[in-house]
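Asks: Got a structure for you, written out below as structure tokens; questions coming shortly.
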Amino acid sequence: MTDRAPYAIILGTNEIASAVAIRLHQQGYGVVMSHDPSPPVIRRKMAFHDALFDDPVTLAGIAAERVDDGMAAAAALARRQGVVITELGLLDLIVIRTLDLLVDARLQKYSTTPDLRRLAKVTVGLGPGFTAGENCDFAIETKPGKQGALVREGATEPADGIVRPLGNRGAERFAYSAFPGRWHTAMEIGSRVFKDYVIGYLGAAAVQAPFDGILRGVVRDGTEVPAGVKLLEVDPRVRGAVWAGVDDRARTIAQAVGTAVTRHKARQPFRPVAVR
């Protein structure tokens with residue numbers, strides 16, 4: 001590969017990982033997104049996730065291309081036509097060539113966070129569990145109200161289990177898996193739903209809409225899910241509902257990643273960005 005763009009790997013294929021991929025692509029990076037099944041992605045119209053299943057996906061004018069091996073990933077990076085998405089893990093991807101940037105956007109709030117440092121020239125961790133200088137170079141807050149704040153030293157806010165309101169609803173806008181099993185649904189994101197309408201089935205158990213609204217997110221049909229994860233989300237706002245594209249929170253976090261990378265390259269003195 002000649003005239004190489006800097007190489008970035010993003011762990012995760014959710015809506016925040018996708019917003020970061022867009023930002024880095026716009027900044028000239030060759031971007032590979034690595035899928036992790038935990039937690040399952042529900043806001044799929046805001047993410048590149050469905051490209052893993054060969055669905056055509058374009059966000060902000062940028063398309064995602066699925067690859068299944070390292071050689072295909074290298075070829076796609078050389079073409080620079082969009083972002084690359086794969087089920088290949090980090091160990092398969094870091095051998096393609098020297099890794100300039102690694103971003104952990106999996107948002108595994110309650111999992112043990114690995115030390116990312118020395119795997120790339122610069123490493124960025126998003127959300128709870130990251131400590132700048134201990135398991136990443138930069139950490140970025142994802143907590144509502146603080147999203148996009150850069151942490152150059154110390155830890156991000158721990159997960160508090162509080163769900164930010166959307167319209168007049170909080171945690172009740174989600175339905176969770178009561179047990180592990182295979183999820184099935186025929187519902188499309190963006191559909192109008194009503195209280196107690198059956199959205200899908202976890203095994204043989206029906207999962208219903210918690211109230212009237214717009215289906216903002218739902219786990220892809222046929223996905224094997226563990227217990228205790230989000231299966232769907234209903235937006236109560238109806239006319240003001242947003243279920244596709246890059247939302248403000250994801251955009252703010254992605255901008256913070258771009259800022260961290262730019263400052264690292266320029267070796268500029270660190271100054272926290274304003275939280276939006």
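Ordering of the structure tokens sets the chain letters (A, B, ...), residue numbers begin anew at 1 in every chain, and ligands are numbered from 1 in the order given.
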Can you pull out every residue from segment 16-116 of chain A that DSSP, working from the backbone, puts in helix (DSSP H, G or I), and format the result as number ranges by chain?
Replies: A: 16-26, 44-46, 49-53, 70-79, 90-93
Asks: Could you take the residues named above and write them with N, CA and C atoms, as a tab-separated table (two decimals), in the first residue's frame?
Replies:
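Now in part27.tsv:
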chain	number	residue	atom	x	y	z
A	16	ILE	N	-22.38	5.41	18.52
A	16	ILE	CA	-21.27	6.29	18.89
A	16	ILE	C	-20.00	5.89	18.15
A	17	ALA	N	-19.73	4.60	18.08
A	17	ALA	CA	-18.59	4.12	17.29
A	17	ALA	C	-18.71	4.58	15.84
A	18	SER	N	-19.92	4.57	15.30
A	18	SER	CA	-20.14	4.97	13.91
A	18	SER	C	-19.91	6.46	13.71
A	19	ALA	N	-20.35	7.28	14.67
A	19	ALA	CA	-20.09	8.72	14.59
A	19	ALA	C	-18.59	9.00	14.64
A	20	VAL	N	-17.86	8.25	15.47
A	20	VAL	CA	-16.40	8.40	15.53
A	20	VAL	C	-15.78	8.00	14.20
A	21	ALA	N	-16.27	6.91	13.60
A	21	ALA	CA	-15.75	6.47	12.31
A	21	ALA	C	-15.93	7.55	11.25
A	22	ILE	N	-17.09	8.18	11.25
A	22	ILE	CA	-17.34	9.27	10.29
A	22	ILE	C	-16.34	10.40	10.49
A	23	ARG	N	-16.17	10.80	11.73
A	23	ARG	CA	-15.26	11.90	12.04
A	23	ARG	C	-13.83	11.59	11.61
A	24	LEU	N	-13.36	10.40	11.92
A	24	LEU	CA	-11.98	10.04	11.58
A	24	LEU	C	-11.80	9.90	10.08
A	25	HIS	N	-12.80	9.36	9.41
A	25	HIS	CA	-12.73	9.28	7.94
A	25	HIS	C	-12.62	10.68	7.35
A	26	GLN	N	-13.39	11.61	7.89
A	26	GLN	CA	-13.33	12.99	7.41
A	26	GLN	C	-11.98	13.64	7.69
A	44	ARG	N	-29.78	0.89	15.22
A	44	ARG	CA	-29.08	0.45	14.02
A	44	ARG	C	-29.21	1.42	12.84
A	45	LYS	N	-30.23	2.28	12.85
A	45	LYS	CA	-30.36	3.28	11.79
A	45	LYS	C	-29.41	4.47	12.03
A	46	MET	N	-28.77	4.50	13.18
A	46	MET	CA	-27.78	5.52	13.49
A	46	MET	C	-26.36	4.96	13.41
A	49	HIS	N	-23.69	-0.69	11.72
A	49	HIS	CA	-23.75	-2.08	12.16
A	49	HIS	C	-24.32	-3.04	11.13
A	50	ASP	N	-25.42	-2.68	10.48
A	50	ASP	CA	-26.09	-3.62	9.59
A	50	ASP	C	-25.30	-3.94	8.32
A	51	ALA	N	-24.24	-3.17	8.05
A	51	ALA	CA	-23.36	-3.51	6.92
A	51	ALA	C	-22.66	-4.85	7.15
A	52	LEU	N	-22.58	-5.29	8.41
A	52	LEU	CA	-22.02	-6.61	8.70
A	52	LEU	C	-22.83	-7.72	8.07
A	53	PHE	N	-24.09	-7.43	7.76
A	53	PHE	CA	-25.00	-8.43	7.19
A	53	PHE	C	-25.27	-8.14	5.71
A	70	GLY	N	-8.01	-10.22	6.61
A	70	GLY	CA	-7.06	-9.13	6.67
A	70	GLY	C	-6.68	-8.57	5.32
A	71	MET	N	-6.53	-9.44	4.33
A	71	MET	CA	-6.15	-8.96	3.00
A	71	MET	C	-7.24	-8.07	2.41
A	72	ALA	N	-8.49	-8.47	2.61
A	72	ALA	CA	-9.60	-7.66	2.11
A	72	ALA	C	-9.66	-6.33	2.84
A	73	ALA	N	-9.36	-6.34	4.15
A	73	ALA	CA	-9.34	-5.10	4.91
A	73	ALA	C	-8.26	-4.16	4.39
A	74	ALA	N	-7.06	-4.70	4.12
A	74	ALA	CA	-5.97	-3.88	3.59
A	74	ALA	C	-6.33	-3.29	2.24
A	75	ALA	N	-6.97	-4.08	1.39
A	75	ALA	CA	-7.37	-3.59	0.07
A	75	ALA	C	-8.42	-2.50	0.18
A	76	ALA	N	-9.38	-2.67	1.10
A	76	ALA	CA	-10.41	-1.66	1.29
A	76	ALA	C	-9.83	-0.37	1.85
A	77	LEU	N	-8.86	-0.48	2.76
A	77	LEU	CA	-8.20	0.71	3.28
A	77	LEU	C	-7.47	1.46	2.17
A	78	ALA	N	-6.87	0.73	1.25
A	78	ALA	CA	-6.14	1.37	0.16
A	78	ALA	C	-7.08	2.13	-0.77
A	79	ARG	N	-8.31	1.64	-0.92
A	79	ARG	CA	-9.27	2.32	-1.82
A	79	ARG	C	-9.82	3.60	-1.20
A	90	LEU	N	-9.40	-7.54	17.21
A	90	LEU	CA	-8.25	-6.65	17.25
A	90	LEU	C	-6.96	-7.37	16.87
A	91	LEU	N	-6.76	-8.60	17.36
A	91	LEU	CA	-5.52	-9.33	17.08
A	91	LEU	C	-5.37	-9.63	15.59
A	92	ASP	N	-6.48	-9.78	14.89
A	92	ASP	CA	-6.43	-10.00	13.44
A	92	ASP	C	-6.14	-8.72	12.68
A	93	LEU	N	-6.50	-7.58	13.27
A	93	LEU	CA	-6.42	-6.32	12.55
A	93	LEU	C	-5.12	-5.56	12.79
Asks: Using only C-alpha atoms, determine which residues lie at most 8 Å from Glu87 of chain A, disregarding the query and same-chain residues fewer than 6 positions distant; provide the list as a ChimeraX atom specification.
Replies: /A:34-36,52,68
Asks: Include N, CA and C atoms and write out the residues we just selected as an mmCIF file, in the first residue's frame.
Replies:
data_model
loop_
_atom_site.group_PDB
_atom_site.id
_atom_site.type_symbol
_atom_site.label_atom_id
_atom_site.label_comp_id
_atom_site.auth_asym_id
_atom_site.auth_seq_id
_atom_site.Cartn_x
_atom_site.Cartn_y
_atom_site.Cartn_z
ATOM 1 N N SER A 34 -14.433 -2.827 14.274
ATOM 2 C CA SER A 34 -14.427 -4.224 14.670
ATOM 3 C C SER A 34 -15.645 -4.511 15.549
ATOM 4 N N HIS A 35 -16.482 -5.441 15.102
ATOM 5 C CA HIS A 35 -17.721 -5.743 15.829
ATOM 6 C C HIS A 35 -17.451 -6.533 17.097
ATOM 7 N N ASP A 36 -18.160 -6.156 18.151
ATOM 8 C CA ASP A 36 -18.177 -6.917 19.393
ATOM 9 C C ASP A 36 -19.647 -7.182 19.715
ATOM 10 N N LEU A 52 -22.580 -5.288 8.408
ATOM 11 C CA LEU A 52 -22.016 -6.608 8.703
ATOM 12 C C LEU A 52 -22.830 -7.721 8.066
ATOM 13 N N ASP A 68 -13.994 -9.732 5.378
ATOM 14 C CA ASP A 68 -13.958 -10.939 6.201
ATOM 15 C C ASP A 68 -12.556 -11.452 6.488
#
Asks: For Gly170 of chain A, which residue among A:Val219, A:Asp235, A:Gly213, A:Glu153 is the nearest when counting only C-alpha atoms?
Replies: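 Counting only C-alpha atoms, the residue closest to Gly170 of chain A is A:Asp235.
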Asks: Could you pull the residues within 8 Å of Thr223 of chain A, counting only C-alpha atoms, minus those fewer than 6 positions along the same chain, as a list in words?
Replies: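 Close residues of Thr223 of chain A: Arg182, Trp183 and His184 of chain A.
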Asks: Write the residues of the selection above to a file with all heavy atoms, as a PDB file, in the first residue's frame.
Replies:
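This is the output file out.pdb:
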ATOM      1  N   ARG A 182     -32.433 -16.467  21.742  1.00  0.00           N
ATOM      2  CA  ARG A 182     -32.390 -15.908  20.392  1.00  0.00           C
ATOM      3  C   ARG A 182     -33.569 -14.956  20.202  1.00  0.00           C
ATOM      4  O   ARG A 182     -34.704 -15.290  20.516  1.00  0.00           O
ATOM      5  CB  ARG A 182     -32.424 -17.010  19.332  1.00  0.00           C
ATOM      6  CG  ARG A 182     -32.222 -16.482  17.895  1.00  0.00           C
ATOM      7  CD  ARG A 182     -32.019 -17.610  16.905  1.00  0.00           C
ATOM      8  NE  ARG A 182     -30.780 -18.314  17.126  1.00  0.00           N
ATOM      9  CZ  ARG A 182     -29.590 -17.931  16.667  1.00  0.00           C
ATOM     10  NH1 ARG A 182     -29.499 -16.812  15.943  1.00  0.00           N
ATOM     11  NH2 ARG A 182     -28.515 -18.634  16.909  1.00  0.00           N
ATOM     12  N   TRP A 183     -33.253 -13.769  19.700  1.00  0.00           N
ATOM     13  CA  TRP A 183     -34.235 -12.714  19.504  1.00  0.00           C
ATOM     14  C   TRP A 183     -34.759 -12.742  18.081  1.00  0.00           C
ATOM     15  O   TRP A 183     -33.992 -12.876  17.120  1.00  0.00           O
ATOM     16  CB  TRP A 183     -33.605 -11.362  19.807  1.00  0.00           C
ATOM     17  CG  TRP A 183     -34.397 -10.169  19.364  1.00  0.00           C
ATOM     18  CD1 TRP A 183     -34.134  -9.351  18.307  1.00  0.00           C
ATOM     19  CD2 TRP A 183     -35.588  -9.654  19.982  1.00  0.00           C
ATOM     20  NE1 TRP A 183     -35.075  -8.362  18.221  1.00  0.00           N
ATOM     21  CE2 TRP A 183     -35.980  -8.527  19.231  1.00  0.00           C
ATOM     22  CE3 TRP A 183     -36.355 -10.051  21.084  1.00  0.00           C
ATOM     23  CZ2 TRP A 183     -37.107  -7.773  19.561  1.00  0.00           C
ATOM     24  CZ3 TRP A 183     -37.482  -9.305  21.407  1.00  0.00           C
ATOM     25  CH2 TRP A 183     -37.843  -8.188  20.659  1.00  0.00           C
ATOM     26  N   HIS A 184     -36.090 -12.609  17.948  1.00  0.00           N
ATOM     27  CA  HIS A 184     -36.709 -12.544  16.616  1.00  0.00           C
ATOM     28  C   HIS A 184     -37.694 -11.381  16.567  1.00  0.00           C
ATOM     29  O   HIS A 184     -38.466 -11.161  17.505  1.00  0.00           O
ATOM     30  CB  HIS A 184     -37.455 -13.849  16.292  1.00  0.00           C
ATOM     31  CG  HIS A 184     -36.536 -14.996  16.013  1.00  0.00           C
ATOM     32  ND1 HIS A 184     -35.769 -15.071  14.872  1.00  0.00           N
ATOM     33  CD2 HIS A 184     -36.255 -16.108  16.746  1.00  0.00           C
ATOM     34  CE1 HIS A 184     -35.049 -16.186  14.893  1.00  0.00           C
ATOM     35  NE2 HIS A 184     -35.324 -16.828  16.021  1.00  0.00           N
TER      36      HIS A 184
END
Asks: Out of A:Leu215, A:Ala256, A:Ala105, A:Val31, which residue has the shortest atom-to-atom distance to Val151 of chain A when counting only C-alpha atoms?
Replies: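 Between A:Leu215, A:Ala256, A:Ala105, A:Val31, the residue approaching Val151 of chain A most closely is A:Ala256.
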Asks: Which residue, A:Leu150, A:Ile189, A:Ala175, A:Ile94, has the smallest gap to Gly258 of chain A when you use only C-alpha atoms?
Replies: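 Of A:Leu150, A:Ile189, A:Ala175, A:Ile94, the one nearest Gly258 of chain A is A:Leu150, counting only C-alpha atoms.
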Asks: Under the rule that only C-alpha atoms are counted, which of A:Ile62, A:Leu126, A:Ala186, A:Ala159 is the nearest residue to Gln147 of chain A?
Replies: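 The shortest atom-to-atom distance to Gln147 of chain A comes from A:Leu126.
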Asks: Tell me which of A:Val84, A:Leu119, A:Val225, A:Ala178 sits closest to Ala205 of chain A, counting only C-alpha atoms.
Replies: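 Smallest separation from Ala205 of chain A among the options: A:Ala178.
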Asks: Quick one: of A:Arg43, A:Ile85, A:Phe138, A:Val242, who's nearest to Pro56 of chain A, counting only C-alpha atoms?
Replies: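 Closest candidate: A:Ile85.
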Asks: Enter the distance from atom CA of Leu232 of chain A to atom CA of Arg106 of chain A, in Å, rounded to one decimal.
Replies: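 A separation of 17.8 Å between them.
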Asks: Enumerate the residues of segment 153-245 of chain A with a DSSP assignment of strand (DSSP E or B), computed from the backbone, and present them as JSON, numbers by chain.
Replies: {"A": [154, 155, 166, 169, 174, 175, 176, 181, 182, 183, 184, 185, 192, 193, 198, 199, 200, 201, 202, 205, 206, 207, 208, 213, 214, 215, 216, 217, 218, 224, 225, 230, 231, 232, 233, 234, 235]}
Asks: List as a ChimeraX atom specification the protein and nucleic acid residues near Asp212 of chain A, meaning an atom at most 10 Å away when only C-alpha atoms are counted, but skip any in the same chain fewer than 4 places from it.
Replies: /A:173,192-197,234-238
